[in-house]
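**Student:** Take this structure, written in structure tokens, and hold onto it; I'll ask about it next.
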Amino acid sequence: MFATLLLWCFFTVSLSENVEHELVFLFFLSQNLPAKLINGGIAGLIGVTCVFPIDLAKTRLQNQQNGSRLYTSMSDCLIKTIRSEGYFGMYRGAAVNLTLVTPEKAIKLAANDFFRHHLSKDGKLTLLKEMLAGCGAGTCQVIVTTPMEMLKIQLQDAGRLAAQRKLMPETVAAGTVETKSPTAMQLTRQLLREKGIAGLYKGLGATLLRDVPFSIIYFPLFANLNNLGKRGAEGPAPFYVSFVSGCVAGSTAAVAVNPVDVIKTRLQSLNRASTEDTYSGVTDCIRKIMRNEGPAAFLKGAYCRALVIAPLFGIAQVVYFLGVGEFILSFLPKKDN
């Protein structure tokens with residue numbers, strides 16, 4: 001709701017300044033929306049398929065607390081996951097990501113274009129305005145990101161809790177009965193029935209604290225790195241420059257906001273072992289992590305997150321800049337005016 005309001009306010013102010021110019025841009029944006037959806041979907045499908053096991057390891061490493069440490073590293077987590085859950089156990093929760101990654105990427109990229117267009121003067125942006133555009137994009141994307149992460153985390157962490165029951169029974173409360181891991185649809189229905197739409201948006205504040213700074217760092221850094229590889233003053237950068245720029249900018253932003261990602265993951269996890277802390281909010285989470293695990297806990301899964309985000313955003317930018325969606329749509333018959 002906040003993101004929608006922000007977009008509407010921004011559009012209203014800009015429209016009052018130059019009606020004809022803004023309507024032309026919105027027409028252009030609407031014409032390119034299908035292409036953005038296709039680009040986001042293709043990039044997301046490729047990226048998620050490639051890096052999802054690492055993302056699962058990140059979630060499990062971030063969620064385990066002192067006294068219930070089942071995994072010692074990313075590789076240890078993946079090996080134990082394959083042994084206990086099979087190869088496809090590494091893709092728990094992937095269906096949620098594959099379903100929602102298309103609108104998430106489309107919103108993120110389209111919103112960044114929208115804000116960059118409105119903030120630019122003669123096609124040029126200052127660093128501050130680039131950061132503001134990234135802030136707007138990050139704010140808008142949480143509409144999809146928060147429920148997607150909420151469902152994904154439950155599915156990813158279910159295997160860790162099941163493994164703890166078998167390998168570390170002392171962390172499980174006496175009399176606890178092992179239950180079958182729910183599906184994404186079952187989780188959605190349960191959250192909506194018990195808590196309403198707010199159940200899917202648990203951890204919204206932490207998601208904003210992560211995604212807004214991420215976008216503030218990522219988009220300006222990517223744009224400036226990508227400009228370094230342009231062919232001439234106006235020519236586009238080669239696809240490999242876009243890929244490397246996306247990887248470098250993505251991994252840098254990912255590591256920078258990892259402490260907030262740890263907080264978000266802890267807040268959104270519904271099920272815990274009996275020896276693990278529960279949290280009432282962002283401040284409570286920070287206080288308990290600092291007291292019980294120390295500041296190093298905020299860097300849990302940082303290298304996993306960098307390994308996930310780097311290729312994910314590198315692939316997204318390559319697909320986006322190559323115009324794969326536009327190429328696919330060019331084969332469709334055009335309507336006669």
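We label chains A, B, ... in the order they appear in the structure tokens, count residues from 1 in each chain, and number ligands from 1 in the order shown.
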Region 316-331 of chain A: which residues within 9 Å, counting only C-alpha atoms, same-chain residues fewer than 6 positions away excluded, as JSON, numbers by chain?
**Tutor:** {"A": [32, 34, 35, 36, 37, 38, 39, 40, 42, 43, 44, 46, 47, 105, 109, 236, 237, 239, 240, 241, 242, 243, 245, 246]}
**Student:** Output N, CA, C and O atoms for every residue in that selection, as a short mmCIF file (atom, residue, chain, number, x, y, z; two decimals), in the first residue's frame.
**Tutor:**
```cif
data_model
loop_
_atom_site.label_atom_id
_atom_site.label_comp_id
_atom_site.auth_asym_id
_atom_site.auth_seq_id
_atom_site.Cartn_x
_atom_site.Cartn_y
_atom_site.Cartn_z
N ASN A 32 5.71 -1.21 -23.07
CA ASN A 32 6.87 -2.05 -22.78
C ASN A 32 6.66 -2.96 -21.58
O ASN A 32 7.54 -3.76 -21.27
N PRO A 34 4.65 -5.63 -21.10
CA PRO A 34 4.72 -7.07 -21.42
C PRO A 34 6.16 -7.55 -21.62
O PRO A 34 6.53 -8.63 -21.17
N ALA A 35 6.97 -6.71 -22.29
CA ALA A 35 8.37 -7.08 -22.50
C ALA A 35 9.12 -7.15 -21.17
O ALA A 35 9.94 -8.05 -20.96
N LYS A 36 8.83 -6.21 -20.26
CA LYS A 36 9.48 -6.22 -18.95
C LYS A 36 9.08 -7.48 -18.16
O LYS A 36 9.89 -8.07 -17.46
N LEU A 37 7.81 -7.87 -18.28
CA LEU A 37 7.35 -9.08 -17.60
C LEU A 37 8.07 -10.31 -18.14
O LEU A 37 8.48 -11.19 -17.37
N ILE A 38 8.21 -10.37 -19.46
CA ILE A 38 8.90 -11.51 -20.08
C ILE A 38 10.37 -11.52 -19.68
O ILE A 38 10.93 -12.56 -19.30
N ASN A 39 11.02 -10.35 -19.76
CA ASN A 39 12.43 -10.26 -19.36
C ASN A 39 12.63 -10.66 -17.91
O ASN A 39 13.54 -11.43 -17.57
N GLY A 40 11.76 -10.14 -17.04
CA GLY A 40 11.86 -10.48 -15.61
C GLY A 40 11.62 -11.96 -15.37
O GLY A 40 12.30 -12.58 -14.56
N ILE A 42 12.01 -14.54 -17.54
CA ILE A 42 13.11 -15.37 -18.07
C ILE A 42 14.34 -15.27 -17.17
O ILE A 42 14.96 -16.29 -16.81
N ALA A 43 14.69 -14.04 -16.80
CA ALA A 43 15.86 -13.84 -15.93
C ALA A 43 15.66 -14.54 -14.59
O ALA A 43 16.57 -15.19 -14.06
N GLY A 44 14.44 -14.42 -14.05
CA GLY A 44 14.16 -15.04 -12.75
C GLY A 44 14.20 -16.56 -12.82
O GLY A 44 14.78 -17.21 -11.93
N ILE A 46 15.82 -18.50 -14.95
CA ILE A 46 17.21 -18.96 -15.12
C ILE A 46 17.99 -18.78 -13.83
O ILE A 46 18.68 -19.70 -13.35
N GLY A 47 17.88 -17.58 -13.26
CA GLY A 47 18.65 -17.27 -12.06
C GLY A 47 18.28 -18.13 -10.87
O GLY A 47 19.15 -18.68 -10.19
N LYS A 105 10.56 -8.94 -10.33
CA LYS A 105 11.59 -8.35 -11.19
C LYS A 105 10.99 -7.26 -12.08
O LYS A 105 11.61 -6.23 -12.33
N LEU A 109 12.42 -3.42 -11.96
CA LEU A 109 13.04 -2.80 -13.11
C LEU A 109 12.19 -1.66 -13.68
O LEU A 109 12.71 -0.60 -14.04
N PRO A 236 25.43 1.38 -26.57
CA PRO A 236 25.17 0.51 -25.41
C PRO A 236 26.40 -0.29 -25.01
O PRO A 236 27.30 -0.52 -25.83
N ALA A 237 26.43 -0.71 -23.77
CA ALA A 237 27.52 -1.56 -23.29
C ALA A 237 27.33 -2.97 -23.81
O ALA A 237 26.20 -3.43 -23.98
N PHE A 239 27.00 -7.06 -23.78
CA PHE A 239 26.24 -7.84 -22.81
C PHE A 239 27.11 -8.34 -21.66
O PHE A 239 26.67 -8.42 -20.52
N TYR A 240 28.40 -8.66 -21.96
CA TYR A 240 29.26 -9.18 -20.90
C TYR A 240 29.60 -8.09 -19.88
O TYR A 240 29.83 -8.38 -18.70
N VAL A 241 29.63 -6.83 -20.32
CA VAL A 241 29.85 -5.72 -19.39
C VAL A 241 28.64 -5.57 -18.47
O VAL A 241 28.78 -5.37 -17.26
N SER A 242 27.44 -5.69 -19.07
CA SER A 242 26.21 -5.64 -18.26
C SER A 242 26.18 -6.77 -17.24
O SER A 242 25.77 -6.58 -16.09
N PHE A 243 26.61 -7.96 -17.65
CA PHE A 243 26.62 -9.12 -16.76
C PHE A 243 27.58 -8.91 -15.59
O PHE A 243 27.21 -9.09 -14.43
N SER A 245 28.83 -6.07 -14.53
CA SER A 245 28.38 -4.93 -13.72
C SER A 245 27.26 -5.36 -12.78
O SER A 245 27.23 -4.97 -11.61
N GLY A 246 26.32 -6.18 -13.29
CA GLY A 246 25.24 -6.69 -12.45
C GLY A 246 25.75 -7.56 -11.32
O GLY A 246 25.27 -7.49 -10.19
#
```
**Student:** Region 185-247 of chain A: which residues are alpha helix (DSSP H) by DSSP, as a ChimeraX atom specification?
**Tutor:** /A:185-195,197-200,204-228,239-247
**Student:** Provide the CA of Asn63 (chain A) to CA of Ser280 (chain A) distance in Å, to one decimal place.
**Tutor:**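 Between CA of Asn63 (chain A) and CA of Ser280 (chain A) the gap works out to 15.6 Å.
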**Student:** List as a count of residues only the protein and nucleic acid residues near Thr252 (chain A), meaning an atom at most 12 Å away when only C-alpha atoms are counted, but skip any in the same chain fewer than 6 places from it.
**Tutor:** 22
**Student:** Counting only C-alpha atoms, what is within 9 Å of Leu61 (chain A), bar same-chain residues fewer than 2 positions away, as number ranges by chain?
**Tutor:** A: 56-59, 63-65, 69-74, 77, 300-301
**Student:** Grab the residues selected above and save them as a short mmCIF file (atom, residue, chain, number, x, y, z; two decimals), in the first residue's frame with N, CA and C atoms.
**Tutor:**
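Listed below is the output, part06.cif:
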```
data_model
loop_
_atom_site.label_atom_id
_atom_site.label_comp_id
_atom_site.auth_asym_id
_atom_site.auth_seq_id
_atom_site.Cartn_x
_atom_site.Cartn_y
_atom_site.Cartn_z
N LEU A 56 18.97 -21.56 -0.28
CA LEU A 56 18.47 -22.43 0.80
C LEU A 56 19.50 -22.55 1.91
N ALA A 57 20.78 -22.74 1.52
CA ALA A 57 21.85 -22.83 2.52
C ALA A 57 21.95 -21.53 3.31
N LYS A 58 21.78 -20.39 2.63
CA LYS A 58 21.83 -19.09 3.30
C LYS A 58 20.75 -18.98 4.37
N THR A 59 19.53 -19.36 4.01
CA THR A 59 18.41 -19.28 4.96
C THR A 59 18.65 -20.16 6.18
N ASN A 63 19.30 -18.92 10.10
CA ASN A 63 18.28 -19.24 11.09
C ASN A 63 18.81 -20.04 12.28
N GLN A 64 19.90 -20.78 12.09
CA GLN A 64 20.39 -21.58 13.21
C GLN A 64 21.08 -20.69 14.24
N GLN A 65 20.80 -20.97 15.50
CA GLN A 65 21.32 -20.17 16.60
C GLN A 65 22.31 -20.98 17.43
N ARG A 69 23.38 -25.50 16.37
CA ARG A 69 24.10 -25.37 15.10
C ARG A 69 24.23 -26.74 14.43
N LEU A 70 23.49 -26.91 13.37
CA LEU A 70 23.51 -28.18 12.64
C LEU A 70 24.50 -28.14 11.49
N TYR A 71 24.69 -26.96 10.91
CA TYR A 71 25.56 -26.82 9.74
C TYR A 71 26.75 -25.91 10.08
N THR A 72 27.91 -26.26 9.55
CA THR A 72 29.11 -25.47 9.81
C THR A 72 29.47 -24.53 8.67
N SER A 73 28.95 -24.81 7.46
CA SER A 73 29.26 -23.99 6.30
C SER A 73 28.24 -24.25 5.20
N MET A 74 28.36 -23.52 4.11
CA MET A 74 27.44 -23.70 2.99
C MET A 74 27.55 -25.10 2.40
N CYS A 77 26.07 -27.67 4.69
CA CYS A 77 24.61 -27.60 4.65
C CYS A 77 24.06 -28.32 3.42
N LYS A 300 26.08 -13.89 9.14
CA LYS A 300 25.77 -15.27 8.76
C LYS A 300 25.18 -15.32 7.36
N GLY A 301 25.73 -16.22 6.54
CA GLY A 301 25.20 -16.40 5.20
C GLY A 301 25.56 -15.29 4.23
#
```
**Student:** Region 145-161 of chain A: which residues within 6 Å, counting only C-alpha atoms, same-chain residues fewer than 6 positions away excluded, as a list in words?
**Tutor:**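 Those residues are Leu56, Arg60, Arg92, Gly93, Leu200, Tyr201 and Gln268 of chain A.
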**Student:** Which of these, A:Leu119, A:Val144, A:Leu228, A:Ala256, has the shortest distance to Leu299 (chain A) once you count only C-alpha atoms?
**Tutor:** A:Ala256
**Student:** Tell me, in Å to one decimal, how far CA of Lys195 (chain A) is from CA of Lys264 (chain A).
**Tutor:** 18.7 Å
**Student:** CA of Ala133 (chain A) and CA of Phe115 (chain A), how far apart in Å?
**Tutor:**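 Separation of CA of Phe115 (chain A) and CA of Ala133 (chain A): 4.9 Å.
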**Student:** Just the residues within 10 Å of Val142 (chain A), please, counting only C-alpha atoms, with nothing from its chain fewer than 6 positions along; format it as a ChimeraX atom specification.
**Tutor:** /A:1-3,104,107-108,148-149,201,204-205,207-208,210-212
**Student:** Residues as selected, C-alpha atoms, written as a tab-separated table (two decimals), in the first residue's frame, can you do that?
**Tutor:**
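again.tsv written:
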```tsv
chain	number	residue	atom	x	y	z
A	1	MET	CA	0.00	0.00	0.00
A	2	PHE	CA	2.83	2.41	0.90
A	3	ALA	CA	4.64	1.65	-2.35
A	104	GLU	CA	8.91	-8.91	-8.55
A	107	ILE	CA	8.12	-4.14	-10.66
A	108	LYS	CA	11.74	-3.55	-9.61
A	148	MET	CA	7.28	-14.42	-1.45
A	149	GLU	CA	10.05	-14.45	1.16
A	201	TYR	CA	3.34	-9.38	5.25
A	204	LEU	CA	7.48	-5.96	6.06
A	205	GLY	CA	9.48	-3.36	8.00
A	207	THR	CA	12.09	-6.20	4.21
A	208	LEU	CA	11.91	-2.46	3.52
A	210	ARG	CA	16.81	-4.48	3.44
A	211	ASP	CA	15.46	-3.83	-0.05
A	212	VAL	CA	15.46	-0.02	-0.04
```
